[in-house]
Structures are given as C-alpha cells and as structure tokens.
file query-v2.csv (CSV, C-alpha atoms)
chain,number,residue,atom,x,y,z
O,85,MET,CA,70.1,34.8,149.7
O,86,ALA,CA,66.7,36.5,149.9
O,87,GLY,CA,66.5,37.1,146.2
O,88,TYR,CA,69.7,39.3,146.2
O,89,SER,CA,67.8,42.0,148.0
O,90,THR,CA,70.7,43.4,149.9
O,91,THR,CA,74.3,44.2,149.2
O,92,GLN,CA,75.4,41.4,151.5
O,93,ASP,CA,73.2,38.9,149.5
O,94,CYS,CA,74.9,40.0,146.3
O,95,LEU,CA,78.4,39.8,147.8
O,96,ASN,CA,77.8,36.3,149.2
O,97,ALA,CA,76.5,35.1,145.9
O,98,ALA,CA,79.5,36.4,144.1
O,99,LEU,CA,81.9,34.7,146.5
O,100,HIS,CA,80.0,31.5,146.2
O,101,TRP,CA,80.2,31.5,142.4
O,102,ALA,CA,83.9,32.3,142.6
O,103,GLY,CA,84.5,29.3,145.0
O,104,GLU,CA,85.2,31.5,148.0
O,105,LEU,CA,83.9,31.3,151.6
O,106,GLU,CA,80.7,33.3,152.2
O,107,THR,CA,81.1,33.6,156.0
O,108,THR,CA,81.7,37.0,157.5
O,109,HIS,CA,83.6,35.6,160.5
O,110,SER,CA,87.3,35.2,161.1
O,111,THR,CA,87.6,32.5,158.4
O,112,GLN,CA,86.2,34.8,155.7
O,113,SER,CA,87.6,34.9,152.2
O,114,GLU,CA,90.5,37.2,151.4
O,115,PHE,CA,88.3,38.4,148.5
O,116,ARG,CA,85.4,39.6,150.6
O,117,GLN,CA,86.5,43.2,150.8
O,118,LYS,CA,87.7,43.2,147.2
O,119,GLY,CA,84.3,41.7,146.2
O,120,LEU,CA,82.5,44.6,147.9
O,121,ASP,CA,84.7,47.1,146.1
O,122,TYR,CA,83.8,45.4,142.8
O,123,ILE,CA,80.1,45.6,143.6
O,124,ASN,CA,80.5,49.3,144.2
O,125,ARG,CA,82.5,49.6,141.0
O,126,ALA,CA,79.7,48.0,139.0
O,127,TYR,CA,77.1,50.0,140.8
O,128,LEU,CA,78.8,53.2,139.9
O,129,ALA,CA,79.2,52.2,136.3
O,130,ILE,CA,75.5,51.5,136.0
O,131,MET,CA,74.5,54.7,137.6
O,132,SER,CA,76.9,56.8,135.5
O,133,GLY,CA,76.1,55.1,132.2
O,134,ALA,CA,79.7,54.0,131.7
O,135,SER,CA,80.4,51.3,129.2
O,136,GLU,CA,82.8,49.3,131.4
O,137,PHE,CA,81.3,46.0,130.5
O,138,ASP,CA,81.4,46.8,126.7
O,139,LEU,CA,77.7,47.7,126.7
O,140,ASP,CA,76.1,51.1,125.9
O,141,LEU,CA,74.2,52.3,129.0
O,142,ASN,CA,74.1,56.0,128.1
O,143,GLU,CA,70.3,56.4,128.4
O,144,PRO,CA,69.6,57.4,132.0
O,145,PHE,CA,67.6,54.9,134.1
O,146,THR,CA,64.3,56.3,135.5
O,147,TRP,CA,64.9,54.6,138.8
O,148,ALA,CA,68.3,56.3,139.2
O,149,ARG,CA,67.0,59.9,138.9
O,150,ASN,CA,66.8,62.0,142.0
O,151,LYS,CA,63.2,62.2,143.2
O,152,THR,CA,63.2,66.0,143.2
O,153,PRO,CA,64.9,68.2,140.7
O,154,GLY,CA,67.8,70.5,141.4
O,155,ILE,CA,67.1,74.2,141.4
O,156,VAL,CA,69.3,77.1,140.1
O,157,THR,CA,68.3,80.8,140.2
O,158,PHE,CA,69.6,83.0,137.4
O,159,GLN,CA,70.5,86.5,138.3
O,160,PRO,CA,70.1,89.8,136.3
O,161,ASN,CA,73.0,92.0,135.7
O,162,VAL,CA,74.0,94.7,138.3
O,163,ALA,CA,74.6,98.3,137.1
O,164,ASN,CA,77.2,100.6,138.8
O,165,ILE,CA,79.9,103.2,138.2
O,166,VAL,CA,83.5,102.0,137.8
O,167,SER,CA,86.9,103.6,137.9
O,168,ILE,CA,90.0,101.6,136.8
O,169,ASN,CA,93.3,102.7,135.2
O,170,LEU,CA,95.2,101.2,132.2
O,171,GLY,CA,97.3,98.3,133.3
O,172,ALA,CA,95.7,98.0,136.7
O,173,THR,CA,94.0,94.9,138.2
O,174,THR,CA,92.3,96.8,141.0
O,175,GLY,CA,89.4,99.1,140.5
O,176,THR,CA,86.6,100.8,142.5
O,177,PHE,CA,82.8,101.0,142.3
O,178,GLY,CA,81.0,104.3,142.7
O,179,THR,CA,78.6,102.7,145.2
O,180,ILE,CA,78.4,99.5,147.1
O,181,PRO,CA,76.8,96.9,144.6
O,182,VAL,CA,73.5,95.4,145.5
O,183,ASP,CA,71.8,92.4,143.8
O,184,ALA,CA,68.2,92.1,142.4
O,185,LEU,CA,66.8,91.8,145.9
O,186,GLY,CA,68.5,94.9,147.2
O,187,ALA,CA,71.1,93.0,149.3
O,188,GLN,CA,74.8,93.9,149.4
O,189,THR,CA,76.6,91.0,147.7
O,190,SER,CA,79.9,90.0,146.3
O,191,MET,CA,80.4,90.6,142.6
O,192,ALA,CA,83.2,88.0,142.4
O,193,GLY,CA,82.6,85.7,139.5
O,194,ARG,CA,80.7,88.2,137.4
O,195,TYR,CA,81.8,89.7,134.1
O,196,LEU,CA,82.3,93.4,134.0
O,197,LYS,CA,81.4,95.3,130.9
O,198,VAL,CA,81.9,99.1,130.2
O,199,PRO,CA,79.8,100.2,127.2
O,200,GLY,CA,82.2,101.4,124.4
O,201,PHE,CA,85.0,99.1,125.6
O,202,ALA,CA,85.6,95.8,123.7
O,203,ASP,CA,86.9,93.8,126.6
O,204,MET,CA,84.7,92.0,129.1
O,205,VAL,CA,86.7,91.2,132.3
O,206,LEU,CA,86.1,88.7,135.1
O,207,ILE,CA,85.9,90.0,138.6
O,208,LEU,CA,88.2,87.8,140.6
O,209,THR,CA,87.7,89.2,144.1
O,210,HIS,CA,85.2,91.5,145.7
O,211,ILE,CA,83.8,91.5,149.3
O,212,ALA,CA,80.2,92.4,149.9
O,213,ALA,CA,79.8,95.9,151.3
O,214,SER,CA,83.1,96.9,149.7
O,215,THR,CA,83.7,99.2,146.7
O,216,THR,CA,87.1,97.7,145.8
O,217,PHE,CA,87.5,94.8,143.5
O,218,THR,CA,90.2,93.0,141.4
O,219,ILE,CA,90.0,91.6,137.8
O,220,ASP,CA,91.6,88.6,136.1
O,221,GLU,CA,94.0,90.6,133.8
O,222,PRO,CA,95.3,94.2,133.7
O,223,TRP,CA,92.8,96.7,132.3
O,224,THR,CA,93.5,97.2,128.5
O,225,GLY,CA,91.4,100.3,127.9
O,226,ASN,CA,89.7,100.7,124.5
O,227,GLY,CA,92.5,101.8,122.2
O,228,THR,CA,91.8,105.5,122.5
O,229,GLN,CA,91.0,105.9,126.2
O,230,SER,CA,93.5,104.6,128.7
O,231,ASN,CA,91.8,105.1,132.1
O,232,THR,CA,88.1,104.5,132.9
O,233,VAL,CA,87.0,107.1,135.5
O,234,GLY,CA,83.4,107.2,136.7
O,235,ALA,CA,82.1,105.2,133.7
O,236,ALA,CA,78.8,103.3,133.7
O,237,CYS,CA,79.2,99.5,133.8
O,238,ASN,CA,77.2,96.3,134.1
O,239,MET,CA,78.2,93.1,135.8
O,240,TYR,CA,76.8,89.9,134.4
O,241,LEU,CA,76.5,86.6,136.2
O,242,LEU,CA,76.8,83.8,133.6
O,243,ASN,CA,78.5,81.0,135.5
O,244,TYR,CA,76.5,79.0,138.1
O,245,ASN,CA,77.3,76.1,140.4
O,246,LEU,CA,74.8,73.3,140.6
O,247,ILE,CA,74.2,71.3,143.8
O,248,PRO,CA,77.1,69.0,144.8
O,249,GLY,CA,77.2,65.2,144.3
O,250,ILE,CA,75.8,65.0,140.7
O,251,ILE,CA,77.1,62.0,138.8
O,252,ARG,CA,75.1,62.8,135.7
O,253,LEU,CA,73.1,65.8,134.6
O,254,ILE,CA,70.0,65.1,132.4
O,255,ALA,CA,69.3,67.9,129.9
O,256,PRO,CA,67.4,69.9,129.1
O,257,MET,CA,66.7,72.2,132.0
O,258,ARG,CA,63.2,73.7,132.5
O,259,ILE,CA,62.5,77.4,133.0
O,260,TYR,CA,59.2,79.1,133.5
O,261,LYS,CA,59.9,82.7,132.5
O,262,TYR,CA,58.9,83.7,129.0
O,263,GLN,CA,61.6,83.1,126.3
O,264,GLY,CA,59.9,84.6,123.3
O,265,ASN,CA,61.5,87.1,120.8
O,266,MET,CA,64.9,86.5,122.2
O,267,SER,CA,66.5,89.8,121.2
O,268,GLY,CA,65.5,89.4,117.6
O,269,MET,CA,66.2,85.6,117.4
O,270,GLY,CA,62.6,84.9,116.9
O,271,ALA,CA,61.3,81.7,118.4
O,272,GLN,CA,60.7,80.5,121.9
O,273,SER,CA,62.5,77.4,123.2
O,274,GLY,CA,59.5,75.9,124.9
O,275,GLY,CA,60.5,76.7,128.4
O,276,GLU,CA,63.7,74.7,128.1
O,277,LEU,CA,67.4,75.3,128.4
O,278,LEU,CA,69.1,72.9,125.9
O,279,GLY,CA,72.5,71.5,126.7
O,280,SER,CA,75.3,72.5,124.3
O,281,ASP,CA,78.9,71.8,123.8
O,282,LEU,CA,80.8,74.7,125.5
O,283,PRO,CA,83.1,75.7,122.6
O,284,ALA,CA,80.1,75.7,120.2
O,285,MET,CA,78.0,77.8,122.6
O,286,LEU,CA,80.8,80.3,123.1
O,287,ARG,CA,81.1,80.7,119.3
O,288,GLU,CA,77.4,81.2,118.9
O,289,TYR,CA,77.0,83.5,121.9
O,290,PRO,CA,80.3,85.3,122.4
O,291,LEU,CA,80.8,87.5,125.5
O,292,TYR,CA,81.3,90.7,123.5
O,293,ALA,CA,77.8,90.3,122.0
O,294,ILE,CA,76.0,89.5,125.3
O,295,SER,CA,72.2,90.1,125.0
O,296,THR,CA,69.5,90.4,127.7
O,297,TYR,CA,66.8,87.7,127.5
O,298,VAL,CA,65.8,84.6,129.4
O,299,PRO,CA,68.5,82.0,128.6
O,300,ASN,CA,67.7,79.0,126.4
O,301,ARG,CA,71.1,77.3,126.2
O,302,PHE,CA,73.6,76.1,128.8
O,303,ALA,CA,76.9,74.2,128.7
O,304,ILE,CA,78.9,72.4,131.4
O,305,GLN,CA,82.0,74.5,131.9
O,306,SER,CA,83.8,72.5,134.6
O,307,THR,CA,83.5,70.0,137.4
O,308,SER,CA,85.4,70.6,140.7
O,309,ALA,CA,86.4,67.2,142.2
O,310,SER,CA,85.7,66.6,145.9
O,311,THR,CA,85.1,63.6,148.0
O,312,LYS,CA,83.3,63.3,151.4
O,313,THR,CA,84.8,61.5,154.3
O,314,ASP,CA,82.5,58.5,153.7
O,315,GLY,CA,84.1,58.1,150.2
O,316,THR,CA,81.1,59.4,148.2
O,317,ASP,CA,81.5,62.1,145.6
O,318,ASP,CA,80.8,65.7,146.4
O,319,SER,CA,82.0,67.4,143.2
O,320,VAL,CA,80.2,70.4,141.8
O,321,ILE,CA,79.3,71.0,138.2
O,322,ASN,CA,79.6,74.6,136.9
O,323,ILE,CA,77.5,75.7,134.0
O,324,ARG,CA,77.6,78.7,131.6
O,325,ILE,CA,74.4,80.2,130.3
O,326,ASN,CA,74.1,82.0,126.9
O,327,SER,CA,72.5,85.3,127.9
O,328,ASP,CA,72.0,87.9,130.6
O,329,CYS,CA,68.8,87.0,132.4
O,330,PRO,CA,66.7,90.1,132.7
O,331,TYR,CA,65.2,89.2,136.0
O,332,LEU,CA,65.4,86.5,138.7
O,333,SER,CA,64.5,83.2,137.1
O,334,ARG,CA,64.2,79.7,138.5
O,335,ALA,CA,65.4,76.8,136.5
O,336,GLU,CA,65.0,73.1,137.3
O,337,TYR,CA,67.2,70.2,136.2
O,338,ASP,CA,67.0,66.5,136.6
O,339,TYR,CA,70.0,64.5,137.6
O,340,ILE,CA,71.4,61.2,138.8
O,341,PRO,CA,73.1,61.7,142.2
O,342,PHE,CA,76.3,60.0,143.1
O,343,PRO,CA,75.1,56.8,144.9
O,344,THR,CA,75.7,56.1,148.5
O,345,THR,CA,78.6,53.6,149.0
O,346,LEU,CA,77.3,50.1,149.5
O,347,THR,CA,78.4,48.2,152.6
O,348,ASP,CA,78.7,44.6,153.7
O,349,SER,CA,75.4,44.7,155.6
O,350,THR,CA,71.8,43.5,155.4
O,351,SER,CA,70.8,47.2,155.8
O,352,SER,CA,72.6,48.3,152.6
O,353,ILE,CA,70.1,48.3,149.8
O,354,PRO,CA,71.1,49.2,146.2
O,355,VAL,CA,68.6,51.4,144.3
O,356,VAL,CA,68.8,49.0,141.3
O,357,PRO,CA,65.3,47.3,141.0
O,358,LEU,CA,65.1,44.2,143.1
O,359,ASN,CA,64.6,41.8,140.2
O,360,HIS,CA,67.8,43.1,138.5
O,361,ARG,CA,70.2,43.4,141.5
O,362,VAL,CA,71.7,40.0,140.7
O,363,VAL,CA,73.7,41.8,138.0
O,364,LEU,CA,75.9,43.3,140.8
O,365,ALA,CA,76.7,39.8,142.0
O,366,TYR,CA,77.5,38.7,138.4
O,367,ALA,CA,79.9,41.7,138.0
O,368,ALA,CA,81.6,41.1,141.3
O,369,ALA,CA,82.1,37.4,140.5
O,370,TYR,CA,83.5,38.3,137.1
O,371,PHE,CA,86.1,40.6,138.7
O,372,ILE,CA,87.1,38.1,141.4
O,373,LEU,CA,87.5,35.3,138.9
O,374,LEU,CA,89.6,37.6,136.7
O,375,ASP,CA,91.9,38.3,139.7
O,376,LYS,CA,92.2,34.5,140.2
O,377,TYR,CA,93.0,33.9,136.5
O,378,ASP,CA,90.0,31.6,136.4
O,379,ASP,CA,88.6,30.9,132.9
O,380,ARG,CA,85.1,31.1,134.2
O,381,SER,CA,85.4,34.9,134.4
O,382,GLN,CA,84.3,35.2,130.8
O,383,GLU,CA,81.1,33.3,131.5
O,384,PHE,CA,80.3,35.8,134.3
O,385,LEU,CA,81.1,38.7,132.0
O,386,LYS,CA,78.4,37.3,129.6
O,387,GLN,CA,76.0,37.0,132.6
O,388,THR,CA,76.8,40.6,133.6
O,389,GLN,CA,76.2,41.9,130.0
O,390,GLY,CA,73.0,39.9,129.8
O,391,GLY,CA,71.7,41.3,133.1
O,392,LEU,CA,72.5,44.8,132.0
O,393,ARG,CA,70.7,44.4,128.7
O,394,ALA,CA,67.7,43.1,130.6
O,395,LEU,CA,67.9,46.1,133.0
O,396,LYS,CA,68.0,48.5,130.0
O,397,ARG,CA,65.2,46.8,128.1
O,398,ALA,CA,62.9,46.9,131.2
O,399,ASP,CA,63.5,50.6,131.7
O,400,GLU,CA,62.9,51.3,128.0
O,401,ALA,CA,59.7,49.2,128.0
O,402,GLN,CA,58.3,51.2,131.0
O,403,ARG,CA,59.0,54.5,129.2
O,404,THR,CA,57.3,53.2,126.0
O,405,GLU,CA,54.2,51.9,127.9
O,406,ILE,CA,53.5,55.3,129.4
O,407,ASN,CA,54.3,57.2,126.1
O,408,PRO,CA,52.6,55.5,123.2
O,409,PHE,CA,54.2,57.9,120.7
O,410,ARG,CA,57.8,57.2,121.9
O,411,GLY,CA,60.0,56.2,118.9
O,412,ARG,CA,57.4,57.2,116.3
O,413,LEU,CA,58.0,59.8,113.5
O,414,ILE,CA,55.2,62.4,114.0
O,415,PRO,CA,54.9,64.9,111.1
O,416,ARG,CA,54.7,68.6,111.9
O,417,LYS,CA,51.1,69.9,111.8
O,418,ASP,CA,51.9,72.7,109.5
O,419,LEU,CA,53.4,70.3,106.9
O,420,VAL,CA,50.4,68.0,107.2
O,421,LYS,CA,48.0,70.8,106.5
O,422,ARG,CA,50.1,72.1,103.6
O,423,SER,CA,50.3,68.6,102.0
O,424,ARG,CA,46.5,68.2,102.3
O,425,PHE,CA,46.0,71.6,100.6
O,426,LEU,CA,48.2,70.7,97.7
O,427,ALA,CA,46.5,67.3,97.4
O,428,GLY,CA,43.1,69.1,97.2
O,429,TYR,CA,41.5,67.8,100.4
call {"tool": "encode", "arguments": {"input": "query-v2.csv", "output": "structure tokens"}}
result
Amino acid sequence: MAGYSTTQDCLNAALHWAGELETTHSTQSEFRQKGLDYINRAYLAIMSGASEFDLDLNEPFTWARNKTPGIVTFQPNVANIVSINLGATTGTFGTIPVDALGAQTSMAGRYLKVPGFADMVLILTHIAASTTFTIDEPWTGNGTQSNTVGAACNMYLLNYNLIPGIIRLIAPMRIYKYQGNMSGMGAQSGGELLGSDLPAMLREYPLYAISTYVPNRFAIQSTSASTKTDGTDDSVINIRINSDCPYLSRAEYDYIPFPTTLTDSTSSIPVVPLNHRVVLAYAAAYFILLDKYDDRSQEFLKQTQGGLRALKRADEAQRTEINPFRGRLIPRKDLVKRSRFLAGY
C-alpha cells in the first residue's frame, strides 16, 4: 500500500481491515464510496481541530497552515456632506464620495456618523458615482433637530470580508502601521490585532465612541456559507475591527484553508504528513465497522485516537525544538531589575 501515501492507499487499507473487497472494479465493495466519504470526514475534522474522536485537536497544525498569509486592507473614514429627513431611509451626499485613493466607490457597508447626533447608521445601498443612498433604519434625528440638511458627516468602514475558503482563522493578525498612544489608551499592541469575542469587543469599543487610530482588536462577526461545485467550502468570514483606521493599512492573517476533497485516486494526496496518514485509514475503518455493527469498531477508534495523539505530539515537538523558550515562564525584565534592586545586588 506504498506506506499509505495516497488517498487510495488509505481507502484500500480501511476496506481490508473491515473485511471488504479492495478492488476498484465491478466487484468492488458497497462500502468503497462510503469509506472515501469517511476519510474526507476524518480529514476535515483534523484540519478544523474538531473533537469528533473525543480528542482535543484545537491547537493548529503547522503543516495545515496556508503557505502564504491572507491580506486585508483597512480603510480610513470618508468625509462628506449629508442631507436626510426625520423618518426617511433615503438621503443624499453633497458630492460623489471618493475613497482614500481618490476613486469613486460605493459607501455601502460603512457606518454614517453626523457629529452631534447620537445614532450611527449603516449605509445599506449606494452605487459608486451616485449621491443617493439608503440606510438600515429610518433617520431618528437628535432629539432637538429633526432633519439633517447639509451637515458634515463621516463614513466608517469597520466590517471586512476575508478571503473565501478559510476553515480556521489563526489569531492574532499582524499589522505594520504604528499603534502607539491609541487615543489616550497608552500602550502599543506590538503590531498585532488580537482576536476578541464580538459582544465583549462591542462593549469595550461601542460605535458611539468610535476613535481614530490603527486598530488593535478584531472579532469574527459572521460567516457566510457557500459551497463550490466540487464540494469544497467557499464560505467567507466577516470581521469587525475596533477603531477607525486613520490611513490605508495592510494586515496579514494566518489561516487553515478548507482542504481539497480527497478522491479515490493515486494522484490524491492528503496534506497530513506521510508517516501519519495511516490515521485516515484507521478512522475510515472505524466508521465502516460501526456501520456493520462490528465489535472491532472500538479497537479502530482506539487506533484512530492513538494516531491523532502521535500527530499532535509530533507537531508540538517540532515547535518546541525551534523555540527553546516555549512553555517556560519568563519573568518581565522590569520586575527582575526591581527585585534585584530590593535585594541589594
């Protein structure tokens, strides 16, 4: 079986262990297609960090990461003049909006803010080169002024779509614009955007108190489900950032892509390291035997769990070898100096 190097090798091994025919000809086992489905099921569980086999795989495997990071570019706010009446959902801009590069672009998806007005509304529709737009709810005014005619406004882009087909996003993001003195909040965040829980981030950084600085937090807001014709996932993750970025800023993020569906072919190669691919065969054999109400299924569940533990330990060992300080408690330098001073040396 060539060391379980291909998907077909793993499938044939699983069928053999389950007492089924391995041949791909007309006399093939009725479990051949189902066995392939089970291999893809296990493959997806490993890549996504799911605990389907009652084993914690939440730490991302280095070999599963995409070779190049994804890129998202944060946009600064756009200033304009706005006119909108109380109770209306349609308004007009004083001029055609342009983005930071001077191009006419749609403002749909941006939050509109008029200084002196408490509400911040979402622009639902706007066509580039047009001055007419619609908002998500009727305009509420500010309590004393009903209509807004010719008022200055700013439009903030806080929600961004990442590239499609991400099965798992690995935080934090990296950003290379200066993040110091974040509107009085003091410290830098080391060129990182840390991932946060969305409700917590919205409490800490509410829309009405939006500030302008390079963002240092993001939260996953939603995922739009989509599937390609070949059966692979093409869904898109939408994130929210915690601030109005003052200028165009590039951010990078590491991720695990949705894996290409494995096929019953010698040219189908899983990205799982070669010496650990047998775990896919163990998992498929477990599921097939479970379908057949065969008591041996529990033995192959144990084999699958053992194979996954070995896979996890091998990845952890590699990360430890290239980082000798991994897992160690390292005291802060300022505390070390202070303790030495108090001790008199």
call {"tool": "closest_residue", "arguments": {"input": "query-v2.csv", "among": "O:Leu139, O:Leu395, O:Val320, O:Met204", "to": "O:Tyr292", "atoms": "all atoms listed in the file"}}
result
O:Met204
call {"tool": "atom_distance", "arguments": {"input": "query-v2.csv", "atom1": "atom CA of O:Pro290", "atom2": "atom CA of O:Ile259"}}
result
22.2 Å
call {"tool": "atom_distance", "arguments": {"input": "query-v2.csv", "atom1": "atom CA of O:Gly234", "atom2": "atom CA of O:Tyr289"}}
result
28.7 Å
call {"tool": "residues_around", "arguments": {"input": "query-v2.csv", "residues": "O:Ile155", "least_positions_apart": "6", "cutoff": "7 Å", "atoms": "all atoms listed in the file", "output": "MDAnalysis selection string"}}
result
chainID O and resid 334:337
call {"tool": "atom_distance", "arguments": {"input": "query-v2.csv", "atom1": "atom CA of O:Cys94", "atom2": "atom CA of O:Thr388"}}
result
12.9 Å
call {"tool": "residues_around", "arguments": {"input": "query-v2.csv", "residues": "O:Gly275", "least_positions_apart": "3", "cutoff": "10 Å", "atoms": "all atoms listed in the file", "output": "list in words"}}
result
Pro256, Met257, Arg258, Ile259, Tyr260, Lys261, Tyr262, Gln263, Gly264, Gln272, Leu278, Val298, Pro299, Asn300 and Ala335 of chain O
call {"tool": "closest_residue", "arguments": {"input": "query-v2.csv", "among": "O:Ala184, O:Leu196, O:Ile211, O:Ile372", "to": "O:Ser333", "atoms": "all atoms listed in the file"}}
result
O:Ala184
call {"tool": "closest_residue", "arguments": {"input": "query-v2.csv", "among": "O:Thr173, O:Leu332, O:Thr218, O:Ile321", "to": "O:Ser308", "atoms": "only C-alpha atoms"}}
result
O:Ile321
call {"tool": "residues_around", "arguments": {"input": "query-v2.csv", "residues": "O:Met285", "least_positions_apart": "5", "cutoff": "10 Å", "atoms": "only C-alpha atoms", "output": "list in words"}}
result
Gly279, Ser280, Pro290, Arg301, Phe302, Ala303, Arg324, Ile325 and Asn326 of chain O
call {"tool": "residues_around", "arguments": {"input": "query-v2.csv", "residues": "O:Phe137", "least_positions_apart": "4", "cutoff": "10 Å", "atoms": "only C-alpha atoms", "output": "NGL selection string"}}
result
:O and (126 or 129-130 or 141 or 367 or 385-386 or 388-389 or 392)
call {"tool": "closest_residue", "arguments": {"input": "query-v2.csv", "among": "O:Gly249, O:Gly133, O:Pro153, O:Pro199", "to": "O:Pro343", "atoms": "all atoms listed in the file"}}
result
O:Gly249
call {"tool": "residues_near_point", "arguments": {"input": "query-v2.csv", "point": "(78.2, 92.9, 142.9)", "cutoff": "12 Å", "atoms": "only C-alpha atoms", "output": "VMD selection string"}}
result
chain O and resid 159 to 166 176 to 196 206 to 217 237 to 241
call {"tool": "closest_residue", "arguments": {"input": "query-v2.csv", "among": "O:His360, O:Arg125, O:Lys118, O:Lys197", "to": "O:Lys396", "atoms": "only C-alpha atoms"}}
result
O:His360
call {"tool": "residues_around", "arguments": {"input": "query-v2.csv", "residues": "O:Gly103", "least_positions_apart": "4", "cutoff": "10 Å", "atoms": "all atoms listed in the file", "output": "list in words"}}
result
Ala97, Ala98, Leu99, Ser113, Ala369, Ile372 and Leu373 of chain O
call {"tool": "closest_residue", "arguments": {"input": "query-v2.csv", "among": "O:Ala102, O:Val198, O:Leu246, O:Leu253", "to": "O:Pro341", "atoms": "only C-alpha atoms"}}
result
O:Leu253
call {"tool": "residues_near_point", "arguments": {"input": "query-v2.csv", "point": "(77.1, 43.2, 146.5)", "cutoff": "9 Å", "atoms": "all atoms listed in the file", "output": "NGL selection string"}}
result
:O and (88 or 90-98 or 119-124 or 127 or 346-348 or 354 or 361-362 or 364-365 or 368)
